[in-house]
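What follows is query-v3.txt (compact mmCIF, C-alpha atoms).
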```txt
# COMPACT_ATOMS: atom_id res chain seq x y z
CA LEU Z 357 203.64 87.50 -206.02
CA THR Z 358 205.09 88.55 -202.71
CA GLY Z 359 202.44 86.50 -200.89
CA VAL Z 360 203.44 83.36 -202.77
CA LYS Z 361 207.12 84.05 -202.13
CA LYS Z 362 206.42 84.52 -198.43
CA ILE Z 363 204.46 81.26 -198.22
CA LEU Z 364 207.22 79.34 -200.04
CA THR Z 365 209.90 80.85 -197.82
CA GLU Z 366 208.03 80.11 -194.60
CA ASN Z 367 207.15 76.56 -195.68
CA LYS Z 368 210.39 75.66 -197.47
CA ASN Z 369 210.69 72.25 -195.79
CA TYR Z 370 207.12 71.31 -196.80
CA VAL Z 371 207.69 72.37 -200.39
CA ILE Z 372 210.96 70.43 -200.61
CA THR Z 373 209.26 67.36 -199.11
CA ILE Z 374 206.37 67.50 -201.60
CA VAL Z 375 208.65 67.99 -204.62
CA ALA Z 376 211.03 65.23 -203.49
CA THR Z 377 208.14 62.83 -202.85
CA GLY Z 378 206.72 63.46 -206.31
CA TYR Z 379 210.13 62.95 -207.89
CA ILE Z 380 210.70 59.68 -206.00
CA ILE Z 381 207.28 58.33 -206.93
CA TYR Z 382 207.55 59.13 -210.65
CA PHE Z 383 211.31 58.64 -211.14
CA ASN Z 384 210.86 55.12 -212.50
CA SER Z 385 208.57 56.36 -215.28
CA PHE Z 386 210.85 59.11 -216.60
CA LEU Z 387 213.03 56.80 -218.69
CA ASN Z 388 210.27 54.52 -220.00
CA GLY Z 389 209.41 54.43 -223.68
CA PHE Z 390 206.10 54.97 -225.41
CA VAL Z 391 203.09 52.82 -224.49
CA LEU Z 392 199.40 52.35 -225.35
CA ASP Z 393 197.97 55.41 -227.16
CA ASP Z 394 201.47 56.87 -227.63
CA LEU Z 395 201.97 54.39 -230.46
CA PHE Z 396 199.01 55.85 -232.36
CA GLN Z 397 199.53 59.50 -231.48
CA ILE Z 398 203.33 59.75 -231.67
CA VAL Z 399 205.28 56.74 -232.91
CA ASN Z 400 203.08 55.78 -235.88
CA ASN Z 401 201.74 59.25 -236.65
CA PRO Z 402 203.15 60.45 -240.00
CA THR Z 403 201.59 63.91 -239.59
CA ILE Z 404 204.05 64.95 -236.86
CA VAL Z 405 207.09 64.24 -239.05
CA GLY Z 406 208.37 67.48 -240.59
CA TRP Z 407 207.24 71.06 -240.12
CA HIS Z 408 204.86 71.25 -243.09
CA ASN Z 409 201.73 70.19 -241.14
CA LEU Z 410 201.80 72.82 -238.41
CA PHE Z 411 199.01 74.94 -239.92
CA TYR Z 412 197.12 71.83 -240.99
CA TYR Z 413 196.61 70.85 -237.33
CA PHE Z 414 194.52 73.99 -236.72
CA THR Z 415 192.23 73.52 -239.73
CA HIS Z 416 191.60 69.75 -239.82
CA GLU Z 417 190.81 66.93 -237.43
CA ILE Z 418 193.51 64.31 -237.30
CA GLY Z 419 192.23 61.13 -235.75
CA PRO Z 420 189.17 61.12 -233.52
CA TYR Z 421 189.94 64.44 -231.78
CA TYR Z 422 190.65 68.05 -232.68
CA ARG Z 423 193.74 68.85 -230.61
CA PRO Z 424 195.98 71.22 -232.53
CA LEU Z 425 198.20 72.29 -229.62
CA MET Z 426 198.90 68.70 -228.65
CA LEU Z 427 199.88 67.82 -232.21
CA THR Z 428 202.00 70.97 -232.52
CA THR Z 429 203.85 70.03 -229.34
CA PHE Z 430 204.32 66.43 -230.49
CA SER Z 431 205.62 67.66 -233.84
CA LEU Z 432 208.02 70.08 -232.17
CA PHE Z 433 209.42 67.41 -229.85
CA TYR Z 434 209.64 64.81 -232.64
CA ASN Z 435 211.42 67.11 -235.07
CA LEU Z 436 213.87 68.27 -232.41
CA GLY Z 437 214.73 64.61 -231.79
CA LEU Z 438 213.61 64.58 -228.18
CA GLY Z 439 212.87 61.24 -226.52
CA SER Z 440 209.86 59.96 -224.66
CA LEU Z 441 210.84 61.80 -221.47
CA PHE Z 442 209.68 65.11 -222.99
CA TYR Z 443 206.25 63.75 -223.92
CA GLN Z 444 205.34 62.99 -220.28
CA GLU Z 445 202.08 64.57 -219.18
```
Any chance you could give the structure as structure tokens?
Amino acid sequence: LTGVKKILTENKNYVITIVATGYIIYFNSFLNGFVLDDLFQIVNNPTIVGWHNLFYYFTHEIGPYYRPLMLTTFSLFYNLGLGSLFYQE
């Protein structure tokens, strides 16, 4: 941990430049809504509504893939009322 801290301290300007560049490049996408596969996996997915399916995700395939952690995260965000910004990958 001290090695990482030392590297970050010595290269603070580089780290700030990289983080700022990433923020500038992706800033326009932060406030966009859902698109493409988001409609199937989030917007029109009745299994993420409510808390009752959380254990179901780990025992059954929903859709073409078995991804229980993804569905749990989507369900958590949806039920907390969070917008599309929190679903960014």
Margin query: For a test of reading the model, state the distance in Å between atom CA of Z:Leu425 and atom CA of Z:Phe411, rounded to one decimal.
Written below: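 Answer for the atom CA of Z:Leu425 to atom CA of Z:Phe411 separation: 10.7 Å.
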Next item on the list: In the coordinate frame of the file, compute which residues have an atom within 7 Å of (193.4, 67.8, -234.4) when using all atoms listed in the file, and state them as a list of chain:residue names.
Entry: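 In the file's frame, the residues around the point are Z:Tyr413, Z:Phe414, Z:His416, Z:Glu417, Z:Ile418, Z:Gly419, Z:Tyr421, Z:Tyr422, Z:Arg423, Z:Pro424, Z:Leu427.
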Give me the residues near stretch 393-408 of chain Z as a short mmCIF file (atom, residue, chain, number, x, y, z; two decimals) with C-alpha atoms, in the frame of the given file, where near means some atom within 10 Å (using all atoms listed in the file) and where sequence neighbours in that chain fewer than 3 positions away do not count.
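Just written: result-v8.cif:
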```
data_model
loop_
_atom_site.label_atom_id
_atom_site.label_comp_id
_atom_site.auth_asym_id
_atom_site.auth_seq_id
_atom_site.Cartn_x
_atom_site.Cartn_y
_atom_site.Cartn_z
CA GLY Z 389 209.41 54.43 -223.68
CA PHE Z 390 206.10 54.97 -225.41
CA PHE Z 411 199.01 74.94 -239.92
CA TYR Z 412 197.12 71.83 -240.99
CA TYR Z 413 196.61 70.85 -237.33
CA ILE Z 418 193.51 64.31 -237.30
CA GLY Z 419 192.23 61.13 -235.75
CA MET Z 426 198.90 68.70 -228.65
CA LEU Z 427 199.88 67.82 -232.21
CA THR Z 428 202.00 70.97 -232.52
CA THR Z 429 203.85 70.03 -229.34
CA PHE Z 430 204.32 66.43 -230.49
CA SER Z 431 205.62 67.66 -233.84
CA LEU Z 432 208.02 70.08 -232.17
CA PHE Z 433 209.42 67.41 -229.85
CA TYR Z 434 209.64 64.81 -232.64
CA ASN Z 435 211.42 67.11 -235.07
CA LEU Z 436 213.87 68.27 -232.41
CA SER Z 440 209.86 59.96 -224.66
CA TYR Z 443 206.25 63.75 -223.92
#
```
Note to self: Just to confirm, what's the straight-line distance from atom CA of Z:Tyr382 to atom CA of Z:Leu364 in Å (one decimal)?
What the structure shows: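 That distance, rounded to one decimal, is 22.8 Å.
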Checklist line | Computed interatomic separation between atom CA of Z:Ser385 and atom CA of Z:Phe442 (Å) | finding: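 Straight-line distance from atom CA of Z:Ser385 to atom CA of Z:Phe442 works out to 11.7 Å.
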With a distance cut-off of 8 Å and all atoms listed in the file, select the neighbouring residues of Z:Leu387, excluding the residue or stretch itself and same-chain residues fewer than 3 positions from it, and output the selection as a tab-separated table (two decimals) with C-alpha atoms, in the coordinates of the input.
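As written to disk, out_2.tsv reads:
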```
chain	number	residue	atom	x	y	z
Z	383	PHE	CA	211.31	58.64	-211.14
Z	384	ASN	CA	210.86	55.12	-212.50
Z	440	SER	CA	209.86	59.96	-224.66
Z	441	LEU	CA	210.84	61.80	-221.47
```
Give me stretch 425-440 of chain Z from this structure - all heavy atoms, as an mmCIF file, in the first residue's frame.
```
data_model
loop_
_atom_site.group_PDB
_atom_site.id
_atom_site.type_symbol
_atom_site.label_atom_id
_atom_site.label_comp_id
_atom_site.auth_asym_id
_atom_site.auth_seq_id
_atom_site.Cartn_x
_atom_site.Cartn_y
_atom_site.Cartn_z
ATOM 1 N N LEU Z 425 -25.317 -11.758 -10.121
ATOM 2 C CA LEU Z 425 -24.830 -10.519 -9.503
ATOM 3 C C LEU Z 425 -25.271 -9.301 -10.298
ATOM 4 O O LEU Z 425 -25.595 -8.260 -9.723
ATOM 5 C CB LEU Z 425 -23.311 -10.557 -9.359
ATOM 6 C CG LEU Z 425 -22.782 -11.613 -8.393
ATOM 7 C CD1 LEU Z 425 -21.262 -11.599 -8.364
ATOM 8 C CD2 LEU Z 425 -23.336 -11.406 -7.010
ATOM 9 N N MET Z 426 -25.290 -9.417 -11.602
ATOM 10 C CA MET Z 426 -25.763 -8.323 -12.444
ATOM 11 C C MET Z 426 -27.236 -8.030 -12.143
ATOM 12 O O MET Z 426 -27.619 -6.874 -11.936
ATOM 13 C CB MET Z 426 -25.591 -8.663 -13.919
ATOM 14 C CG MET Z 426 -26.082 -7.575 -14.856
ATOM 15 S SD MET Z 426 -26.067 -8.080 -16.594
ATOM 16 C CE MET Z 426 -27.505 -9.141 -16.645
ATOM 17 N N LEU Z 427 -28.046 -9.076 -12.093
ATOM 18 C CA LEU Z 427 -29.472 -8.886 -11.820
ATOM 19 C C LEU Z 427 -29.711 -8.361 -10.407
ATOM 20 O O LEU Z 427 -30.606 -7.535 -10.180
ATOM 21 C CB LEU Z 427 -30.229 -10.192 -12.040
ATOM 22 C CG LEU Z 427 -30.350 -10.624 -13.495
ATOM 23 C CD1 LEU Z 427 -30.901 -12.039 -13.589
ATOM 24 C CD2 LEU Z 427 -31.246 -9.666 -14.257
ATOM 25 N N THR Z 428 -28.925 -8.810 -9.458
ATOM 26 C CA THR Z 428 -29.048 -8.308 -8.086
ATOM 27 C C THR Z 428 -28.733 -6.820 -8.039
ATOM 28 O O THR Z 428 -29.438 -6.037 -7.391
ATOM 29 C CB THR Z 428 -28.106 -9.084 -7.140
ATOM 30 O OG1 THR Z 428 -28.441 -10.470 -7.208
ATOM 31 C CG2 THR Z 428 -28.226 -8.597 -5.720
ATOM 32 N N THR Z 429 -27.685 -6.422 -8.737
ATOM 33 C CA THR Z 429 -27.321 -5.004 -8.791
ATOM 34 C C THR Z 429 -28.398 -4.191 -9.483
ATOM 35 O O THR Z 429 -28.787 -3.123 -8.993
ATOM 36 C CB THR Z 429 -25.975 -4.825 -9.527
ATOM 37 O OG1 THR Z 429 -24.993 -5.626 -8.888
ATOM 38 C CG2 THR Z 429 -25.540 -3.381 -9.533
ATOM 39 N N PHE Z 430 -28.905 -4.677 -10.619
ATOM 40 C CA PHE Z 430 -29.981 -3.978 -11.316
ATOM 41 C C PHE Z 430 -31.203 -3.839 -10.431
ATOM 42 O O PHE Z 430 -31.853 -2.795 -10.396
ATOM 43 C CB PHE Z 430 -30.357 -4.708 -12.603
ATOM 44 C CG PHE Z 430 -29.335 -4.596 -13.704
ATOM 45 C CD1 PHE Z 430 -29.479 -5.357 -14.848
ATOM 46 C CD2 PHE Z 430 -28.249 -3.753 -13.613
ATOM 47 C CE1 PHE Z 430 -28.566 -5.260 -15.880
ATOM 48 C CE2 PHE Z 430 -27.319 -3.658 -14.635
ATOM 49 C CZ PHE Z 430 -27.479 -4.415 -15.770
ATOM 50 N N SER Z 431 -31.556 -4.896 -9.711
ATOM 51 C CA SER Z 431 -32.710 -4.870 -8.825
ATOM 52 C C SER Z 431 -32.504 -3.861 -7.696
ATOM 53 O O SER Z 431 -33.414 -3.104 -7.353
ATOM 54 C CB SER Z 431 -32.968 -6.265 -8.251
ATOM 55 O OG SER Z 431 -34.090 -6.257 -7.417
ATOM 56 N N LEU Z 432 -31.325 -3.849 -7.124
ATOM 57 C CA LEU Z 432 -31.008 -2.906 -6.057
ATOM 58 C C LEU Z 432 -31.152 -1.468 -6.550
ATOM 59 O O LEU Z 432 -31.830 -0.644 -5.919
ATOM 60 C CB LEU Z 432 -29.587 -3.155 -5.547
ATOM 61 C CG LEU Z 432 -29.065 -2.199 -4.496
ATOM 62 C CD1 LEU Z 432 -29.800 -2.407 -3.182
ATOM 63 C CD2 LEU Z 432 -27.572 -2.397 -4.299
ATOM 64 N N PHE Z 433 -30.534 -1.151 -7.682
ATOM 65 C CA PHE Z 433 -30.610 0.200 -8.230
ATOM 66 C C PHE Z 433 -32.040 0.584 -8.577
ATOM 67 O O PHE Z 433 -32.483 1.697 -8.310
ATOM 68 C CB PHE Z 433 -29.723 0.340 -9.469
ATOM 69 C CG PHE Z 433 -28.247 0.282 -9.188
ATOM 70 C CD1 PHE Z 433 -27.352 0.118 -10.223
ATOM 71 C CD2 PHE Z 433 -27.740 0.385 -7.913
ATOM 72 C CE1 PHE Z 433 -25.990 0.075 -9.989
ATOM 73 C CE2 PHE Z 433 -26.382 0.329 -7.658
ATOM 74 C CZ PHE Z 433 -25.506 0.182 -8.702
ATOM 75 N N TYR Z 434 -32.781 -0.347 -9.198
ATOM 76 C CA TYR Z 434 -34.156 -0.073 -9.615
ATOM 77 C C TYR Z 434 -35.044 0.202 -8.407
ATOM 78 O O TYR Z 434 -35.812 1.155 -8.389
ATOM 79 C CB TYR Z 434 -34.706 -1.246 -10.424
ATOM 80 C CG TYR Z 434 -36.093 -1.007 -10.967
ATOM 81 C CD1 TYR Z 434 -36.261 -0.420 -12.208
ATOM 82 C CD2 TYR Z 434 -37.222 -1.352 -10.241
ATOM 83 C CE1 TYR Z 434 -37.528 -0.183 -12.716
ATOM 84 C CE2 TYR Z 434 -38.491 -1.122 -10.732
ATOM 85 C CZ TYR Z 434 -38.638 -0.542 -11.978
ATOM 86 O OH TYR Z 434 -39.894 -0.294 -12.464
ATOM 87 N N ASN Z 435 -34.931 -0.632 -7.385
ATOM 88 C CA ASN Z 435 -35.792 -0.495 -6.220
ATOM 89 C C ASN Z 435 -35.414 0.674 -5.322
ATOM 90 O O ASN Z 435 -36.230 1.125 -4.518
ATOM 91 C CB ASN Z 435 -35.831 -1.803 -5.427
ATOM 92 C CG ASN Z 435 -36.557 -2.875 -6.199
ATOM 93 O OD1 ASN Z 435 -37.722 -2.720 -6.524
ATOM 94 N ND2 ASN Z 435 -35.863 -3.952 -6.517
ATOM 95 N N LEU Z 436 -34.201 1.169 -5.452
ATOM 96 C CA LEU Z 436 -33.806 2.382 -4.744
ATOM 97 C C LEU Z 436 -34.168 3.637 -5.537
ATOM 98 O O LEU Z 436 -33.970 4.750 -5.062
ATOM 99 C CB LEU Z 436 -32.307 2.368 -4.447
ATOM 100 C CG LEU Z 436 -31.849 1.335 -3.425
ATOM 101 C CD1 LEU Z 436 -30.328 1.339 -3.302
ATOM 102 C CD2 LEU Z 436 -32.494 1.585 -2.066
ATOM 103 N N GLY Z 437 -34.683 3.449 -6.749
ATOM 104 C CA GLY Z 437 -35.111 4.574 -7.571
ATOM 105 C C GLY Z 437 -33.981 5.326 -8.242
ATOM 106 O O GLY Z 437 -34.138 6.495 -8.594
ATOM 107 N N LEU Z 438 -32.852 4.679 -8.427
ATOM 108 C CA LEU Z 438 -31.705 5.343 -9.036
ATOM 109 C C LEU Z 438 -31.845 5.373 -10.551
ATOM 110 O O LEU Z 438 -32.385 4.450 -11.151
ATOM 111 C CB LEU Z 438 -30.414 4.617 -8.652
ATOM 112 C CG LEU Z 438 -30.168 4.526 -7.134
ATOM 113 C CD1 LEU Z 438 -28.919 3.721 -6.860
ATOM 114 C CD2 LEU Z 438 -30.065 5.897 -6.518
ATOM 115 N N GLY Z 439 -31.373 6.416 -11.177
ATOM 116 C CA GLY Z 439 -31.500 6.593 -12.621
ATOM 117 C C GLY Z 439 -30.427 5.857 -13.412
ATOM 118 O O GLY Z 439 -29.616 5.112 -12.864
ATOM 119 N N SER Z 440 -30.425 6.106 -14.691
ATOM 120 C CA SER Z 440 -29.529 5.401 -15.604
ATOM 121 C C SER Z 440 -28.046 5.682 -15.320
ATOM 122 O O SER Z 440 -27.188 4.877 -15.678
ATOM 123 C CB SER Z 440 -29.852 5.755 -17.040
ATOM 124 O OG SER Z 440 -29.659 7.141 -17.270
#
```
